[in-house]
Every structure is written in structure tokens, then in C-alpha cells.
Amino acid sequence: MGDPARANMLTALMSGKALTATELAAEAGVTAQTASGHLAKLLDGDLVLVRKQGRHKYFALAHADVAAALEALMGLAAGQLRTRTGPKDAALRHARVCYNHLAGQRGVQLYGSLLDRGFMEEAADGPVLTELGQEFARDFGIDLDALSAARAPLCRSCLDWSERRTHLAGSLGRAMLIRMEDLGWVRRDKASRAVLFSPLGTGAFDAAFTGRQSSI
């Protein structure tokens, strides 16, 4: 991860999209041949996986643990910055995609609200959804039975790099972001990892996820 080109590739994959080697070369600012060498090292390190579709190969992060590690490392790196960030960074701080779930100020707001209202509890091995939380999730339109039947953990904590606090990962975090997209609350910025809220979504999100820790 320490090489700048590989770091840029991994950061690009934090959007949750699968990208070609050519696209990743452009993100890293290197030639296609150099990108191929970097991707081989990332594959050997189990940081990315490759899928073949026709004549094309698409690369994606290997699993959620890679995204969590990257998010935490970004937090450490951000702590060394002395310059003020620009408007684009402000949008990413407000709300962004972290692999497949909501991060930034809005992600932290969601996590804090679930805790404050007794919908979720923090345990030694990670957050746990309470009975009240299960009822809330179902009312929100989440199919908990389907999520529980899958192998992926339902709730996971992820350290937010910009807020230095926790946001919600796991299959529930992913499902909640998808549900907000379905409701028209948010859309993903195609040019970055930013998540953009509609006027309707801003009010609806604040109404759904209130609490002492949820103010931004």
C-alpha cells in the first residue's frame, strides 16, 4: 500500500466499482506496463481481486477488510496535513462511499443515532443490532432475514478517516445506503466518491437518524 501508485489505485477502488487496468493506470498516473506490475503485487497481497468478462479484466478490492484498513490509514495520513482542504474535499467529508457503505459526517451521524436510540449496542467484537434496531431496520425497508442468511457480518464498525469517529459498515451499512438510493435521498457523484443528498433526502435523513451524537 505504501507505493503512491498502488495507493492511488486502491483509493480509486474505494468507490466500490470494478475498474480495468487501463482505468487504474490513469488513476495512478503511470503507464499500462507499470500498472500491470503494481496490480500483480496487489493481487499477490490479497488486496484486490480480478474478474474476467469477455476480453476485459476488472479489478476490485478483495474484501471489506481492505476497505476498512484503507479508511483507517487515510485517517492517519490526514492527521499530518497542514493545509486547508478545498470544496471537493469538503463534499467528501460530508458524505462519501467507503467501499459499499456511507461514510463521512453523514455516516457518523447514522452510526451515532443508532447507538443513542438503543437500536444498536457496541460489543467487544463489534456493534450488535438490538430488537428495537431490528424493528427500525425492517420499517426502513431492510430485509434482515436475507442479510442474516448471508455470510457477511451484519454490523461492522469502520473508523472514519475524516471524522476520526465510527461509521457503520457490514451488510447492514451497505443495505442502508442502497435503500437511501432507492428512496431518492442520495446519489453517487460519478466523478468522485462523494454521496450527494437531494433536498428531500437531507430532511428525511435528519428525521430518520437523530440523536445526541448525530448533529453535524
# chains A, B, ... in the order shown; residues from 1 in each chain; ligands from 1
call {"tool": "closest_atom_pairs", "arguments": {"of": "segment 88-124 of chain A", "to": "segment 190-204 of chain A", "cutoff": "12 Å", "atoms": "only C-alpha atoms", "output": "Markdown table"}}
result
| residue | atom | partner | partner_atom | distance |
| --- | --- | --- | --- | --- |
| A:Lys88 | CA | A:Ala194 | CA | 8.5 |
| A:Asp89 | CA | A:Ala194 | CA | 8.9 |
| A:Ala90 | CA | A:Ala194 | CA | 9.5 |
| A:Ala91 | CA | A:Ala194 | CA | 6.1 |
| A:Leu92 | CA | A:Ala194 | CA | 4.9 |
| A:Arg93 | CA | A:Ala194 | CA | 8.3 |
| A:His94 | CA | A:Ala194 | CA | 8.1 |
| A:Ala95 | CA | A:Val195 | CA | 5.1 |
| A:Arg96 | CA | A:Ala194 | CA | 4.1 |
| A:Val97 | CA | A:Arg193 | CA | 5.3 |
| A:Cys98 | CA | A:Arg193 | CA | 7.8 |
| A:Tyr99 | CA | A:Arg193 | CA | 9.2 |
| A:Asn100 | CA | A:Arg193 | CA | 10.5 |
| A:His101 | CA | A:Val195 | CA | 10.2 |
| A:Leu102 | CA | A:Val195 | CA | 7.9 |
| A:Ala103 | CA | A:Val195 | CA | 8.8 |
| A:Gly104 | CA | A:Ala194 | CA | 9.2 |
| A:Gln105 | CA | A:Val195 | CA | 11.0 |
| A:Arg106 | CA | A:Val195 | CA | 9.5 |
| A:Gly107 | CA | A:Val195 | CA | 10.4 |
call {"tool": "write_last_selection", "arguments": {"atoms": "N, CA and C atoms", "output": "mmCIF file, in the first residue's frame"}}
result
data_model
loop_
_atom_site.group_PDB
_atom_site.id
_atom_site.type_symbol
_atom_site.label_atom_id
_atom_site.label_comp_id
_atom_site.auth_asym_id
_atom_site.auth_seq_id
_atom_site.Cartn_x
_atom_site.Cartn_y
_atom_site.Cartn_z
ATOM 1 N N LYS A 88 -13.988 20.313 -2.894
ATOM 2 C CA LYS A 88 -14.213 18.913 -3.233
ATOM 3 C C LYS A 88 -13.981 18.027 -2.015
ATOM 4 N N ASP A 89 -12.950 18.307 -1.251
ATOM 5 C CA ASP A 89 -12.697 17.551 -0.034
ATOM 6 C C ASP A 89 -13.819 17.766 0.982
ATOM 7 N N ALA A 90 -14.377 18.956 1.006
ATOM 8 C CA ALA A 90 -15.493 19.228 1.914
ATOM 9 C C ALA A 90 -16.684 18.342 1.570
ATOM 10 N N ALA A 91 -16.923 18.128 0.276
ATOM 11 C CA ALA A 91 -18.021 17.256 -0.138
ATOM 12 C C ALA A 91 -17.763 15.826 0.293
ATOM 13 N N LEU A 92 -16.514 15.382 0.196
ATOM 14 C CA LEU A 92 -16.172 14.031 0.614
ATOM 15 C C LEU A 92 -16.278 13.887 2.123
ATOM 16 N N ARG A 93 -15.924 14.924 2.849
ATOM 17 C CA ARG A 93 -16.059 14.868 4.309
ATOM 18 C C ARG A 93 -17.528 14.789 4.707
ATOM 19 N N HIS A 94 -18.380 15.458 3.965
ATOM 20 C CA HIS A 94 -19.807 15.473 4.311
ATOM 21 C C HIS A 94 -20.430 14.100 4.129
ATOM 22 N N ALA A 95 -20.231 13.487 2.988
ATOM 23 C CA ALA A 95 -20.788 12.154 2.727
ATOM 24 C C ALA A 95 -20.059 11.541 1.545
ATOM 25 N N ARG A 96 -19.669 10.296 1.690
ATOM 26 C CA ARG A 96 -18.964 9.615 0.612
ATOM 27 C C ARG A 96 -19.196 8.113 0.726
ATOM 28 N N VAL A 97 -18.825 7.413 -0.325
ATOM 29 C CA VAL A 97 -18.872 5.957 -0.327
ATOM 30 C C VAL A 97 -17.561 5.426 0.235
ATOM 31 N N CYS A 98 -17.653 4.537 1.189
ATOM 32 C CA CYS A 98 -16.490 3.816 1.697
ATOM 33 C C CYS A 98 -16.695 2.352 1.317
ATOM 34 N N TYR A 99 -16.214 1.992 0.129
ATOM 35 C CA TYR A 99 -16.356 0.644 -0.427
ATOM 36 C C TYR A 99 -17.805 0.379 -0.828
ATOM 37 N N ASN A 100 -18.696 0.166 0.140
ATOM 38 C CA ASN A 100 -20.095 -0.082 -0.207
ATOM 39 C C ASN A 100 -21.059 0.490 0.819
ATOM 40 N N HIS A 101 -20.555 1.362 1.703
ATOM 41 C CA HIS A 101 -21.419 1.921 2.731
ATOM 42 C C HIS A 101 -21.165 3.421 2.873
ATOM 43 N N LEU A 102 -21.991 4.085 3.663
ATOM 44 C CA LEU A 102 -21.948 5.539 3.812
ATOM 45 C C LEU A 102 -20.903 5.941 4.837
ATOM 46 N N ALA A 103 -20.057 6.910 4.452
ATOM 47 C CA ALA A 103 -19.020 7.425 5.347
ATOM 48 C C ALA A 103 -19.090 8.945 5.385
ATOM 49 N N GLY A 104 -18.191 9.551 6.131
ATOM 50 C CA GLY A 104 -18.188 10.991 6.283
ATOM 51 C C GLY A 104 -19.096 11.422 7.427
ATOM 52 N N GLN A 105 -19.395 12.717 7.467
ATOM 53 C CA GLN A 105 -20.225 13.245 8.556
ATOM 54 C C GLN A 105 -21.575 12.556 8.622
ATOM 55 N N ARG A 106 -22.165 12.285 7.477
ATOM 56 C CA ARG A 106 -23.475 11.633 7.468
ATOM 57 C C ARG A 106 -23.387 10.179 7.933
ATOM 58 N N GLY A 107 -22.306 9.499 7.594
ATOM 59 C CA GLY A 107 -22.130 8.130 8.069
ATOM 60 C C GLY A 107 -21.965 8.075 9.570
#
call {"tool": "residues_around", "arguments": {"residues": "Ser148 of chain A", "least_positions_apart": "4", "cutoff": "12 Å", "atoms": "only C-alpha atoms", "output": "number ranges by chain"}}
result
A: 129, 134, 142-144, 152-155, 170-172, 175
call {"tool": "select_by_dssp", "arguments": {"residues": "segment 1-150 of chain A", "states": "helix (DSSP H, G or I)", "output": "ChimeraX atom specification"}}
result
/A:4-13,21-28,32-44,64-78,87-94,105-116,131-139,144-149
call {"tool": "closest_residue", "arguments": {"among": "A:Leu24, A:Val66, A:Leu115, A:Ala32", "to": "Gly45 of chain A", "atoms": "only C-alpha atoms"}}
result
A:Val66
call {"tool": "residues_around", "arguments": {"residues": "segment 33-40 of chain A", "least_positions_apart": "2", "cutoff": "9 Å", "atoms": "only C-alpha atoms", "output": "PyMOL selection string"}}
result
chain A and resi 3+5-6+9+21-22+24-26+28-31+42-45+48+59
call {"tool": "select_by_dssp", "arguments": {"residues": "chain A", "states": "strand (DSSP E)", "output": "PyMOL selection string"}}
result
chain A and resi 19-20+48-53+56-61+96-98+101-103+120-123+126-129+156-159+166-169+186-188+195-197
call {"tool": "atom_distance", "arguments": {"atom1": "atom CA of Val186 of chain A", "atom2": "atom CA of Val50 of chain A"}}
result
29.0 Å
call {"tool": "atom_distance", "arguments": {"atom1": "atom CA of Ala7 of chain A", "atom2": "atom CA of Ala69 of chain A"}}
result
11.9 Å
call {"tool": "atom_distance", "arguments": {"atom1": "atom CA of Gly16 of chain A", "atom2": "atom CA of Ala60 of chain A"}}
result
7.3 Å
